[in-house]
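Chemist: Pasting start-v7.cif here (mmCIF, C-alpha atoms and all ligand atoms):
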data_run
loop_
_atom_site.label_atom_id
_atom_site.label_comp_id
_atom_site.auth_asym_id
_atom_site.auth_seq_id
_atom_site.Cartn_x
_atom_site.Cartn_y
_atom_site.Cartn_z
CA MET A 1 29.14 2.61 -0.83
CA LEU A 2 28.50 0.50 -3.93
CA LYS A 3 26.38 -2.68 -3.81
CA VAL A 4 25.71 -4.97 -6.74
CA PHE A 5 22.97 -7.59 -7.14
CA ARG A 6 22.70 -10.05 -9.98
CA GLY A 7 19.75 -12.18 -11.12
CA GLU A 8 16.52 -12.22 -13.07
CA LEU A 9 15.16 -8.71 -12.74
CA LEU A 10 11.83 -7.00 -13.43
CA HIS A 11 10.47 -3.51 -12.89
CA PHE A 12 7.77 -1.37 -14.46
CA LEU A 13 8.24 1.83 -16.42
CA ALA A 14 4.58 2.63 -17.10
CA ASP A 15 1.03 1.33 -16.67
CA PRO A 16 0.49 -1.65 -19.02
CA ALA A 17 -3.11 -0.45 -19.40
CA LYS A 18 -1.88 2.81 -20.92
CA VAL A 19 1.10 1.87 -23.12
CA SER A 20 2.03 -1.22 -25.10
CA LEU A 21 2.98 -4.15 -22.89
CA GLN A 22 6.61 -4.17 -24.11
CA ASP A 23 6.98 -0.51 -23.21
CA SER A 24 5.54 -0.96 -19.75
CA TYR A 25 8.35 -2.94 -18.14
CA GLN A 26 12.04 -3.84 -18.26
CA TYR A 27 12.90 -7.51 -17.83
CA LEU A 28 16.44 -8.84 -17.70
CA GLU A 29 17.01 -12.58 -17.60
CA ASP A 30 20.49 -12.03 -16.20
CA GLY A 31 20.46 -8.50 -14.87
CA LEU A 32 22.54 -6.34 -12.60
CA LEU A 33 21.19 -3.83 -10.09
CA ILE A 34 23.83 -1.34 -9.00
CA ILE A 35 23.17 0.69 -5.86
CA ARG A 36 25.20 3.53 -4.41
CA ASP A 37 24.53 4.70 -0.86
CA GLY A 38 21.05 3.17 -0.88
CA ILE A 39 20.05 4.74 -4.19
CA VAL A 40 19.66 2.99 -7.55
CA GLU A 41 22.53 3.94 -9.83
CA GLN A 42 22.08 1.62 -12.78
CA VAL A 43 20.20 -1.41 -14.06
CA GLY A 44 21.27 -3.44 -17.07
CA ASP A 45 22.37 -6.77 -18.51
CA ALA A 46 25.05 -8.46 -16.41
CA VAL A 47 27.10 -9.23 -19.48
CA ASP A 48 27.35 -5.51 -20.31
CA LEU A 49 27.80 -4.10 -16.82
CA LEU A 50 30.08 -6.62 -15.11
CA PRO A 51 33.15 -5.59 -17.15
CA THR A 52 32.63 -1.95 -16.11
CA LEU A 53 32.84 -2.77 -12.38
CA ASP A 54 35.88 -2.65 -10.16
CA LYS A 55 37.34 -6.18 -9.83
CA ASP A 56 37.08 -6.17 -6.03
CA ILE A 57 33.37 -5.53 -5.84
CA ALA A 58 31.32 -8.39 -4.37
CA VAL A 59 28.24 -9.30 -6.34
CA THR A 60 25.27 -10.87 -4.56
CA HIS A 61 23.87 -13.40 -7.00
CA TYR A 62 20.30 -14.69 -6.72
CA GLU A 63 19.35 -17.75 -8.74
CA ASN A 64 15.88 -19.21 -9.21
CA GLY A 65 14.31 -15.98 -8.18
CA LEU A 66 13.20 -12.59 -9.37
CA ILE A 67 14.54 -9.25 -8.15
CA MET A 68 11.87 -6.55 -8.17
CA PRO A 69 10.94 -3.34 -6.34
CA GLY A 70 9.32 -3.78 -2.92
CA PHE A 71 5.54 -3.92 -2.80
CA ILE A 72 3.49 -0.87 -1.84
CA ASP A 73 0.43 -1.31 0.38
CA THR A 74 -1.74 1.78 0.01
CA HIS A 75 -4.31 1.03 2.71
CA VAL A 76 -3.71 -0.77 5.97
CA HIS A 77 -4.51 -0.30 9.69
CA TYR A 78 -1.56 -1.18 11.91
CA PRO A 79 -3.64 -1.08 15.15
CA GLN A 80 -5.88 -3.83 13.75
CA THR A 81 -3.03 -6.35 13.40
CA GLU A 82 -4.10 -8.46 16.37
CA MET A 83 -7.82 -8.45 15.50
CA ILE A 84 -7.40 -9.98 12.05
CA ALA A 85 -10.03 -12.69 11.36
CA SER A 86 -12.80 -11.43 13.66
CA TYR A 87 -15.83 -13.56 12.82
CA GLY A 88 -19.13 -13.06 11.19
CA GLU A 89 -19.95 -9.40 10.53
CA GLN A 90 -20.14 -6.92 7.70
CA LEU A 91 -18.59 -3.46 7.92
CA LEU A 92 -20.75 -1.44 10.34
CA GLU A 93 -21.28 -4.23 12.89
CA TRP A 94 -17.65 -5.30 12.54
CA LEU A 95 -16.56 -1.75 13.44
CA GLU A 96 -18.89 -1.53 16.41
CA ASN A 97 -18.41 -5.03 17.82
CA TYR A 98 -14.72 -5.59 17.22
CA THR A 99 -12.80 -2.61 15.86
CA PHE A 100 -13.74 0.29 18.09
CA PRO A 101 -13.20 -1.59 21.38
CA PHE A 102 -9.93 -2.93 20.02
CA GLU A 103 -8.52 0.44 18.97
CA ARG A 104 -9.03 1.80 22.49
CA GLN A 105 -5.72 0.25 23.63
CA PHE A 106 -3.69 2.62 21.43
CA SER A 107 -3.85 5.54 23.83
CA ASP A 108 -0.85 3.72 25.34
CA LEU A 109 2.36 4.70 23.54
CA GLU A 110 4.25 1.58 24.60
CA HIS A 111 1.48 -0.69 23.38
CA GLY A 112 1.53 1.14 20.05
CA LYS A 113 5.29 0.68 19.71
CA ASN A 114 5.03 -3.00 20.48
CA VAL A 115 2.35 -3.56 17.83
CA ALA A 116 4.10 -1.28 15.29
CA GLU A 117 7.29 -3.33 15.65
CA PHE A 118 5.41 -6.56 14.96
CA PHE A 119 3.34 -5.02 12.15
CA LEU A 120 6.38 -3.66 10.31
CA THR A 121 8.21 -6.95 10.65
CA GLN A 122 5.22 -8.72 9.11
CA LEU A 123 5.07 -6.22 6.25
CA LEU A 124 8.76 -6.62 5.46
CA ALA A 125 8.47 -10.41 5.59
CA ALA A 126 5.67 -10.12 3.03
CA GLY A 127 7.90 -8.00 0.77
CA THR A 128 6.07 -4.73 1.40
CA THR A 129 8.49 -1.84 1.84
CA THR A 130 6.15 1.18 1.86
CA ALA A 131 2.62 1.52 3.25
CA LEU A 132 -0.06 4.13 3.77
CA VAL A 133 -1.20 3.38 7.29
CA PHE A 134 -4.11 4.26 9.58
CA GLY A 135 -3.32 4.92 13.24
CA THR A 136 -6.14 5.30 15.75
CA VAL A 137 -7.75 8.48 17.07
CA HIS A 138 -4.91 8.72 19.62
CA LYS A 139 -1.91 10.86 18.65
CA GLU A 140 0.22 8.38 20.63
CA SER A 141 -0.60 5.69 18.04
CA VAL A 142 1.09 7.73 15.30
CA GLU A 143 3.97 8.76 17.53
CA ALA A 144 4.57 5.06 18.23
CA PHE A 145 4.34 4.06 14.58
CA PHE A 146 6.69 6.75 13.28
CA THR A 147 9.20 6.08 16.06
CA ILE A 148 9.55 2.43 15.02
CA ALA A 149 9.39 3.10 11.26
CA GLN A 150 12.16 5.67 11.67
CA GLN A 151 14.35 3.18 13.53
CA LYS A 152 13.89 0.78 10.62
CA LYS A 153 14.71 3.54 8.07
CA LEU A 154 11.47 2.89 6.19
CA ARG A 155 9.46 5.03 3.79
CA MET A 156 6.08 5.07 5.53
CA ILE A 157 3.00 7.30 5.59
CA CYS A 158 0.69 7.40 8.61
CA GLY A 159 -1.92 9.59 10.24
CA LYS A 160 -4.04 10.04 13.32
CA VAL A 161 -7.68 9.08 12.77
CA LEU A 162 -10.22 11.90 12.91
CA MET A 163 -13.62 10.86 14.31
CA ASP A 164 -15.96 13.10 16.27
CA GLN A 165 -19.41 11.51 15.90
CA ASN A 166 -21.19 8.14 15.73
CA CYS A 167 -18.47 6.45 17.71
CA PRO A 168 -17.85 5.60 21.38
CA ASP A 169 -16.91 8.56 23.60
CA TYR A 170 -13.60 6.90 24.46
CA LEU A 171 -12.65 6.99 20.77
CA SER A 172 -13.87 10.48 19.91
CA ASP A 173 -11.90 13.66 19.25
CA THR A 174 -13.37 17.03 18.32
CA ALA A 175 -13.02 19.02 15.12
CA GLN A 176 -10.60 21.35 16.92
CA SER A 177 -8.57 18.76 18.87
CA GLY A 178 -8.30 16.58 15.74
CA TYR A 179 -6.99 19.56 13.80
CA ASP A 180 -4.53 20.56 16.54
CA ASP A 181 -3.19 17.04 17.11
CA SER A 182 -2.79 16.41 13.36
CA LYS A 183 -1.02 19.75 12.91
CA ALA A 184 1.43 18.97 15.72
CA LEU A 185 2.15 15.53 14.22
CA ILE A 186 2.72 17.08 10.78
CA GLU A 187 5.18 19.55 12.26
CA LYS A 188 7.07 16.84 14.08
CA TRP A 189 7.06 14.01 11.55
CA HIS A 190 6.15 15.03 8.00
CA ASN A 191 9.25 14.68 5.80
CA THR A 192 11.38 13.61 8.75
CA ASP A 193 13.74 11.08 7.15
CA ARG A 194 11.45 9.03 4.91
CA LEU A 195 8.26 9.54 6.91
CA GLN A 196 5.24 11.44 5.64
CA TYR A 197 1.91 12.39 7.14
CA ALA A 198 -1.63 11.61 5.98
CA ILE A 199 -4.64 13.54 7.27
CA THR A 200 -6.96 10.64 8.10
CA PRO A 201 -10.69 11.22 8.59
CA ARG A 202 -11.95 7.68 9.38
CA PHE A 203 -14.95 7.89 6.99
CA ALA A 204 -17.85 10.25 6.44
CA PRO A 205 -20.22 8.67 9.04
CA THR A 206 -17.83 9.29 11.94
CA CYS A 207 -16.90 12.85 10.92
CA SER A 208 -18.99 15.98 11.33
CA THR A 209 -19.04 18.46 8.47
CA GLU A 210 -17.05 20.78 10.71
CA GLN A 211 -14.38 18.11 11.14
CA LEU A 212 -14.21 17.38 7.41
CA ASN A 213 -13.93 21.09 6.67
CA LYS A 214 -11.09 21.42 9.17
CA ALA A 215 -9.37 18.47 7.49
CA GLY A 216 -9.69 20.34 4.17
CA GLN A 217 -8.27 23.47 5.77
CA LEU A 218 -5.31 21.55 7.17
CA LEU A 219 -4.70 19.97 3.77
CA SER A 220 -4.69 23.36 2.05
CA GLU A 221 -2.25 24.66 4.68
CA ASN A 222 0.03 21.65 4.11
CA PRO A 223 -0.22 20.74 0.41
CA SER A 224 2.51 18.08 0.55
CA VAL A 225 0.70 15.91 3.13
CA TYR A 226 -1.70 13.14 2.12
CA LEU A 227 -5.41 12.64 2.60
CA HIS A 228 -6.41 9.07 3.46
CA THR A 229 -9.93 7.82 4.14
CA HIS A 230 -12.57 5.19 3.27
CA LEU A 231 -15.12 5.55 0.48
CA SER A 232 -18.16 3.57 -0.74
CA GLU A 233 -17.16 0.26 0.77
CA ASN A 234 -20.48 -1.24 1.81
CA GLU A 235 -24.15 -0.71 0.82
CA ALA A 236 -25.41 -0.03 4.36
CA GLU A 237 -22.58 2.46 4.88
CA ILE A 238 -23.50 4.29 1.67
CA ALA A 239 -27.18 4.49 2.69
CA TRP A 240 -26.11 5.90 6.07
CA VAL A 241 -23.95 8.58 4.42
CA LYS A 242 -26.95 9.59 2.32
CA GLU A 243 -29.01 10.03 5.50
CA LEU A 244 -26.29 11.90 7.37
CA PHE A 245 -25.39 14.25 4.50
CA PRO A 246 -28.68 14.92 2.67
CA ASP A 247 -27.26 17.97 0.91
CA SER A 248 -24.52 16.01 -0.82
CA GLU A 249 -24.92 14.52 -4.27
CA GLY A 250 -23.30 11.27 -3.18
CA TYR A 251 -20.63 9.76 -0.96
CA LEU A 252 -17.65 11.22 -2.79
CA ASP A 253 -19.32 14.61 -2.89
CA VAL A 254 -19.23 14.75 0.94
CA TYR A 255 -15.44 14.73 0.73
CA ASP A 256 -15.39 16.94 -2.36
CA LYS A 257 -17.41 19.65 -0.60
CA SER A 258 -14.73 19.74 2.12
CA LYS A 259 -11.95 20.00 -0.51
CA LEU A 260 -10.43 16.62 0.23
CA LEU A 261 -9.80 15.40 -3.33
CA GLY A 262 -6.47 15.76 -5.12
CA ARG A 263 -3.11 14.41 -6.21
CA ARG A 264 -2.21 13.10 -2.76
CA SER A 265 -5.66 11.83 -1.78
CA ILE A 266 -6.19 8.07 -1.43
CA PHE A 267 -9.64 6.61 -0.95
CA ALA A 268 -9.85 3.02 0.27
CA HIS A 269 -12.28 0.54 -1.32
CA GLY A 270 -14.53 2.47 -3.76
CA VAL A 271 -16.44 -0.75 -4.37
CA HIS A 272 -19.75 0.88 -5.29
CA LEU A 273 -18.83 4.02 -7.24
CA HIS A 274 -20.99 5.76 -9.82
CA ASP A 275 -19.45 6.73 -13.15
CA SER A 276 -19.72 10.40 -12.16
CA GLU A 277 -17.68 9.68 -9.01
CA CYS A 278 -14.99 7.86 -11.00
CA GLN A 279 -14.91 10.78 -13.39
CA ARG A 280 -14.37 13.19 -10.49
CA LEU A 281 -11.66 10.97 -8.93
CA GLY A 282 -9.92 10.81 -12.31
CA GLU A 283 -10.06 14.51 -13.05
CA THR A 284 -8.75 15.42 -9.58
CA ASN A 285 -5.92 12.83 -9.86
CA SER A 286 -7.15 11.10 -6.70
CA ALA A 287 -6.44 7.40 -6.11
CA VAL A 288 -8.49 4.41 -5.06
CA ALA A 289 -6.97 1.58 -3.03
CA PHE A 290 -8.38 -1.76 -4.17
CA CYS A 291 -8.54 -4.03 -1.10
CA PRO A 292 -9.66 -7.42 -2.41
CA SER A 293 -9.14 -9.61 0.64
CA SER A 294 -11.00 -7.14 2.86
CA ASN A 295 -13.82 -6.65 0.34
CA LEU A 296 -14.35 -10.40 0.23
CA PHE A 297 -13.91 -10.97 3.98
CA LEU A 298 -16.49 -8.32 4.97
CA GLY A 299 -18.73 -9.21 2.02
CA SER A 300 -18.45 -5.62 0.77
CA GLY A 301 -18.47 -6.39 -2.95
CA LEU A 302 -16.40 -6.81 -6.09
CA PHE A 303 -14.28 -3.81 -7.07
CA ASN A 304 -14.81 -2.68 -10.68
CA LEU A 305 -11.27 -2.18 -11.96
CA GLN A 306 -12.41 -1.60 -15.55
CA GLN A 307 -14.66 1.26 -14.48
CA ALA A 308 -11.82 2.94 -12.57
CA GLN A 309 -9.43 2.50 -15.51
CA LYS A 310 -11.99 3.85 -17.96
CA PHE A 311 -12.05 7.12 -16.02
CA ASN A 312 -8.29 7.21 -15.59
CA VAL A 313 -8.41 6.81 -11.81
CA ASN A 314 -5.10 5.91 -10.18
CA VAL A 315 -5.56 2.46 -8.65
CA SER A 316 -3.25 0.64 -6.23
CA TYR A 317 -3.59 -2.24 -3.79
CA GLY A 318 -4.35 -2.27 -0.08
CA THR A 319 -4.34 -5.23 2.30
CA ASP A 320 -6.63 -3.38 4.74
CA ILE A 321 -5.49 -5.45 7.71
CA GLY A 322 -7.50 -6.24 9.96
CA ALA A 323 -10.55 -6.43 7.67
CA GLY A 324 -8.13 -7.86 5.14
CA THR A 325 -6.95 -11.33 5.95
CA THR A 326 -3.33 -11.23 4.79
CA PHE A 327 -0.20 -9.10 4.95
CA SER A 328 0.98 -10.73 1.75
CA MET A 329 0.78 -8.67 -1.42
CA LEU A 330 1.12 -11.89 -3.44
CA SER A 331 -1.99 -13.27 -1.72
CA THR A 332 -3.68 -9.92 -2.32
CA LEU A 333 -3.00 -10.33 -6.05
CA ASN A 334 -4.59 -13.75 -5.84
CA GLU A 335 -7.77 -12.33 -4.30
CA ALA A 336 -7.79 -9.49 -6.84
CA TYR A 337 -7.64 -11.96 -9.71
CA LYS A 338 -10.52 -13.99 -8.29
CA THR A 339 -12.54 -10.83 -7.70
CA GLN A 340 -12.15 -9.93 -11.36
CA GLN A 341 -13.08 -13.50 -12.41
CA LEU A 342 -16.36 -13.08 -10.53
CA ARG A 343 -16.93 -9.94 -12.60
CA SER A 344 -16.13 -11.91 -15.77
CA ALA A 345 -13.02 -9.77 -16.22
CA LYS A 346 -9.41 -10.83 -16.62
CA LEU A 347 -6.63 -9.38 -14.51
CA ASP A 348 -3.37 -9.79 -16.38
CA PRO A 349 -0.35 -10.64 -14.19
CA PHE A 350 1.70 -7.75 -15.59
CA GLN A 351 -1.11 -5.34 -14.73
CA SER A 352 -1.39 -6.80 -11.25
CA PHE A 353 2.35 -6.61 -10.47
CA TYR A 354 2.34 -3.06 -11.85
CA LEU A 355 -0.43 -2.11 -9.40
CA ALA A 356 1.53 -3.66 -6.52
CA THR A 357 4.71 -1.68 -7.29
CA LEU A 358 4.83 1.32 -9.63
CA GLY A 359 1.03 1.74 -9.49
CA GLY A 360 1.33 2.21 -5.74
CA ALA A 361 4.06 4.79 -6.22
CA VAL A 362 1.94 6.67 -8.76
CA ALA A 363 -1.07 6.60 -6.41
CA LEU A 364 1.14 8.05 -3.65
CA ASP A 365 2.73 10.63 -5.96
CA LEU A 366 6.11 9.00 -5.32
CA GLU A 367 7.02 7.98 -8.85
CA GLY A 368 10.78 8.33 -9.25
CA THR A 369 11.28 7.82 -5.51
CA ILE A 370 10.00 4.26 -5.06
CA GLY A 371 8.18 1.62 -7.13
CA ASN A 372 10.81 0.93 -9.79
CA PHE A 373 14.55 0.90 -10.47
CA THR A 374 14.78 4.22 -12.23
CA LYS A 375 18.11 5.96 -11.61
CA GLY A 376 17.91 7.91 -8.36
CA ALA A 377 15.13 5.81 -6.82
CA GLU A 378 15.44 4.52 -3.26
CA ALA A 379 16.69 0.93 -3.34
CA ASP A 380 13.85 -0.81 -1.48
CA PHE A 381 13.56 -4.15 -3.25
CA ILE A 382 12.73 -7.81 -2.82
CA VAL A 383 13.76 -11.17 -4.18
CA LEU A 384 10.92 -13.54 -5.04
CA ASP A 385 11.76 -17.24 -4.81
CA TYR A 386 10.69 -19.61 -7.60
CA HIS A 387 11.77 -22.57 -5.48
CA ALA A 388 10.30 -21.55 -2.12
CA THR A 389 8.18 -24.67 -1.81
CA PRO A 390 8.21 -28.05 -3.56
CA LEU A 391 4.90 -27.15 -5.21
CA ILE A 392 6.05 -23.91 -6.82
CA ALA A 393 9.36 -25.46 -7.87
CA ARG A 394 7.51 -28.25 -9.67
CA ARG A 395 4.96 -25.88 -11.19
CA MET A 396 7.71 -23.58 -12.46
CA GLN A 397 9.29 -26.46 -14.42
CA HIS A 398 6.36 -26.19 -16.81
CA CYS A 399 6.70 -22.45 -17.39
CA THR A 400 8.04 -20.91 -20.53
CA THR A 401 7.12 -17.24 -20.21
CA LEU A 402 7.56 -14.46 -17.65
CA SER A 403 3.81 -13.89 -17.73
CA GLU A 404 3.22 -17.48 -16.57
CA LYS A 405 5.82 -17.19 -13.81
CA LEU A 406 4.26 -13.99 -12.51
CA PHE A 407 0.81 -15.49 -12.63
CA ILE A 408 1.87 -18.57 -10.66
CA LEU A 409 3.66 -16.43 -8.05
CA SER A 410 0.49 -14.40 -7.63
CA MET A 411 -1.78 -17.46 -7.38
CA ILE A 412 0.17 -19.66 -4.98
CA GLY A 413 2.71 -17.21 -3.55
CA ASP A 414 2.75 -15.75 -0.05
CA GLU A 415 5.35 -14.73 2.55
CA ARG A 416 7.26 -17.97 1.98
CA HIS A 417 8.04 -16.80 -1.53
CA ILE A 418 9.83 -13.64 -0.38
CA LYS A 419 13.43 -14.74 -0.19
CA SER A 420 14.85 -11.38 0.89
CA THR A 421 13.73 -7.82 1.55
CA TYR A 422 16.15 -4.90 1.17
CA ILE A 423 15.74 -1.38 2.52
CA MET A 424 17.96 1.30 0.95
CA GLY A 425 20.18 -1.49 -0.33
CA GLU A 426 20.53 -3.20 3.07
CA LYS A 427 19.08 -6.64 3.65
CA VAL A 428 16.56 -6.56 6.49
CA MET A 429 14.81 -9.91 5.94
CA GLY A 430 15.76 -13.26 4.51
CA GLU A 431 18.48 -15.84 4.37
CA LYS A 432 22.16 -15.16 4.27
CA VAL A 433 23.47 -15.19 0.72
CA MET A 434 26.99 -15.78 -0.45
CA GLY A 435 28.76 -12.84 -2.02
CA GLU A 436 30.77 -13.82 -5.06
CA LYS A 437 33.74 -12.05 -6.53
CA VAL A 438 33.46 -10.80 -10.06
N1 LIG A 501 -14.53 2.21 7.42
C1 LIG A 501 -14.35 2.97 8.52
N2 LIG A 501 -13.42 2.44 9.34
C2 LIG A 501 -13.01 1.32 8.75
C3 LIG A 501 -12.04 0.32 9.11
O1 LIG A 501 -11.38 0.38 10.14
N3 LIG A 501 -11.89 -0.71 8.23
C4 LIG A 501 -12.59 -0.79 7.07
N4 LIG A 501 -12.39 -1.82 6.25
N5 LIG A 501 -13.51 0.11 6.72
C5 LIG A 501 -13.71 1.16 7.55
FE FE A 502 -9.68 0.22 6.02
#
Here is the file; what I need is its structure written in the form of structure tokens.
Ligand code: GUN
Ligand code: FE
Modeler:
Amino acid sequence: MLKVFRGELLHFLADPAKVSLQDSYQYLEDGLLIIRDGIVEQVGDAVDLLPTLDKDIAVTHYENGLIMPGFIDTHVHYPQTEMIASYGEQLLEWLENYTFPFERQFSDLEHGKNVAEFFLTQLLAAGTTTALVFGTVHKESVEAFFTIAQQKKLRMICGKVLMDQNCPDYLSDTAQSGYDDSKALIEKWHNTDRLQYAITPRFAPTCSTEQLNKAGQLLSENPSVYLHTHLSENEAEIAWVKELFPDSEGYLDVYDKSKLLGRRSIFAHGVHLHDSECQRLGETNSAVAFCPSSNLFLGSGLFNLQQAQKFNVNVSYGTDIGAGTTFSMLSTLNEAYKTQQLRSAKLDPFQSFYLATLGGAVALDLEGTIGNFTKGAEADFIVLDYHATPLIARRMQHCTTLSEKLFILSMIGDERHIKSTYIMGEKVMGEKVMGEKV
């Protein structure tokens, strides 16, 4: 079935940090997005494409808004949805006092489904259409998540947490049971519809060397699955890793020794990386998820985007709910900009929207599948609303360039500024719009 959308339209073709700005995106003031059976067929100027369409086709026309690919959140914990904004601690105490007791509830499949339903609704309302998601140590948590994501026809990646040391007994697996449970989940869910699996060691301190090695073994046995973990988030955490793994050259090297780096490996945070670690991430094509709201909330530090770019590391954004304080990718862009200001660096709005869309797809090795409107891509897209609130409507009156509009959306935008969210060409969130005849 053919579906046609008309309006201001933007998507990225390449990283603005690597090519000239003009070559990095396609922007159409009055564009047409043509979708067949949930897949992008064509994008172009309305004036050129409208005459080529059958007269009977309804065109959904969005005014005062911007059609763009759905956002991609490359690090988030669905089980932590209801513990967002837990007061007063930095990482290690926050985990012990709030997170571990909270995650205990996810041995219950029904509880997991209930939270997954709410979590995914929040993501879609925020304009995020794909995410790389932590479950808990319980296999039921992933079963619950995939069941709901499948019902919603979403492209989602999730994995069961591996943790066999330095954690409460009630939240501990073993190297063998973690391997077996992950393997069974891969067999059941990986590449089922649009679902994919990520092997998910929580972080080095809660994983024995045996467990990390088993994770590496599982990854080599299943090269199309992902590896998702935390890395160099907090100073006390890094000092602890040094104590626990005295034979390693550094934090990243713990994972490297277990063969966990590669094209489908995503490391969350990376706030305190050495140049040599960035070099290794770059040369192995691994990705780092920049989680600004979480890094500020837990007082973890200011991510060095320039350093990562210098070493050609794939970077994308993560909300990191529940250490992050928002589901909104627009708000995440806001916090990223302010983080870079505190480093005396500028974060250009084109670069930031790239990271939130195509950059996420590149980090997840899904370029061509999601993240832009290239022919053949899955039509997960959103409509941003320039008139969502009286404030943004007034502010937009003073805008003359796309760059300004993007910047304003990323500074004052949030869920209210997502007019509609579409999954495979079907509207799943937002107001009713009038179809118009060509
Ligand atoms: N490091 C290990 N586990 C976690 C977690 O749940 N959240 C964050 N932000 N960092 C972690
Ligand atoms: Fe996290």
Chemist: As a quick test: using all atoms listed in the file, which residues lie no more than 10 Å away from ligand FE 502 (chain A)? Give them as a ChimeraX atom specification.
Modeler: /A:75-77,80,91,133-134,202-203,228-231,233,267-269,289,291,294-295,318-324
Chemist: So, counting all atoms listed in the file, which residue among A:Glu117, A:Asp256, A:Asp48, A:Glu140 is closest to A:Thr209?
Modeler: A:Asp256
Chemist: Considering only C-alpha atoms, can you say which of A:Pro201, A:Gly270, A:Gly44, A:Gly282 comes closest to A:Tyr251?
Modeler: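 Closest candidate: A:Gly270.
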Chemist: Padding of 8 Å on every side, edges along x, y and z, all listed atoms of stretch 332-337 of chain A included: what centre and edge lengths in Å, to one decimal, does that box have, as AutoDock Vina command-line options?
Modeler:
--center_x -5.4 --center_y -11.6 --center_z -6.0 --size_x 20.8 --size_y 20.3 --size_z 23.4
Chemist: Report the distance between atom CA of A:His417 and atom CA of A:Val362 in Å, rounded to one decimal place.
Modeler: 25.3 Å
Chemist: What is the atom CA of A:Leu154 to atom CA of A:Asp380 distance in Å?
Modeler: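 Here the two named atoms are 8.8 Å from each other.
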Chemist: Name the closest residue to A:Asp253 among the candidates A:Ser276, A:Thr339, A:Thr357, A:Asn234; distances are taken between atoms, counting all atoms listed in the file.
Modeler: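 The shortest atom-to-atom distance to A:Asp253 comes from A:Ser276.
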Chemist: Which residue gives the smallest distance to A:Pro69 among A:Asp348, A:Glu283, A:Glu378, A:Glu237, with only C-alpha atoms counted?
Modeler: A:Glu378
Chemist: As a PDB file, keeping the file's coordinate frame, please: stretch 419-431 of chain A completed to N, CA and C atoms.
Modeler:
ATOM      1  N   LYS A 419      12.146 -14.228  -0.660  1.00  0.00           N
ATOM      2  CA  LYS A 419      13.430 -14.740  -0.190  1.00  0.00           C
ATOM      3  C   LYS A 419      14.156 -13.697   0.656  1.00  0.00           C
ATOM      4  N   SER A 420      14.174 -12.459   0.169  1.00  0.00           N
ATOM      5  CA  SER A 420      14.850 -11.380   0.890  1.00  0.00           C
ATOM      6  C   SER A 420      14.130 -10.062   0.678  1.00  0.00           C
ATOM      7  N   THR A 421      14.241  -9.193   1.667  1.00  0.00           N
ATOM      8  CA  THR A 421      13.730  -7.820   1.550  1.00  0.00           C
ATOM      9  C   THR A 421      14.881  -6.867   1.870  1.00  0.00           C
ATOM     10  N   TYR A 422      15.077  -5.885   1.007  1.00  0.00           N
ATOM     11  CA  TYR A 422      16.150  -4.900   1.170  1.00  0.00           C
ATOM     12  C   TYR A 422      15.568  -3.508   1.361  1.00  0.00           C
ATOM     13  N   ILE A 423      16.119  -2.776   2.302  1.00  0.00           N
ATOM     14  CA  ILE A 423      15.740  -1.380   2.520  1.00  0.00           C
ATOM     15  C   ILE A 423      16.963  -0.510   2.266  1.00  0.00           C
ATOM     16  N   MET A 424      16.844   0.415   1.345  1.00  0.00           N
ATOM     17  CA  MET A 424      17.960   1.300   0.950  1.00  0.00           C
ATOM     18  C   MET A 424      19.236   0.471   0.702  1.00  0.00           C
ATOM     19  N   GLY A 425      19.039  -0.646   0.030  1.00  0.00           N
ATOM     20  CA  GLY A 425      20.180  -1.490  -0.330  1.00  0.00           C
ATOM     21  C   GLY A 425      20.690  -2.400   0.760  1.00  0.00           C
ATOM     22  N   GLU A 426      20.085  -2.345   1.955  1.00  0.00           N
ATOM     23  CA  GLU A 426      20.530  -3.200   3.070  1.00  0.00           C
ATOM     24  C   GLU A 426      19.513  -4.312   3.281  1.00  0.00           C
ATOM     25  N   LYS A 427      20.003  -5.532   3.420  1.00  0.00           N
ATOM     26  CA  LYS A 427      19.080  -6.640   3.650  1.00  0.00           C
ATOM     27  C   LYS A 427      18.519  -6.583   5.068  1.00  0.00           C
ATOM     28  N   VAL A 428      17.182  -6.596   5.175  1.00  0.00           N
ATOM     29  CA  VAL A 428      16.560  -6.560   6.490  1.00  0.00           C
ATOM     30  C   VAL A 428      15.782  -7.842   6.783  1.00  0.00           C
ATOM     31  N   MET A 429      15.559  -8.659   5.767  1.00  0.00           N
ATOM     32  CA  MET A 429      14.810  -9.910   5.940  1.00  0.00           C
ATOM     33  C   MET A 429      15.383 -10.944   5.001  1.00  0.00           C
ATOM     34  N   GLY A 430      15.419 -12.185   5.430  1.00  0.00           N
ATOM     35  CA  GLY A 430      15.760 -13.260   4.510  1.00  0.00           C
ATOM     36  C   GLY A 430      17.035 -13.965   4.880  1.00  0.00           C
ATOM     37  N   GLU A 431      17.320 -14.995   4.070  1.00  0.00           N
ATOM     38  CA  GLU A 431      18.480 -15.840   4.370  1.00  0.00           C
ATOM     39  C   GLU A 431      19.772 -15.103   4.077  1.00  0.00           C
TER      40      GLU A 431
END
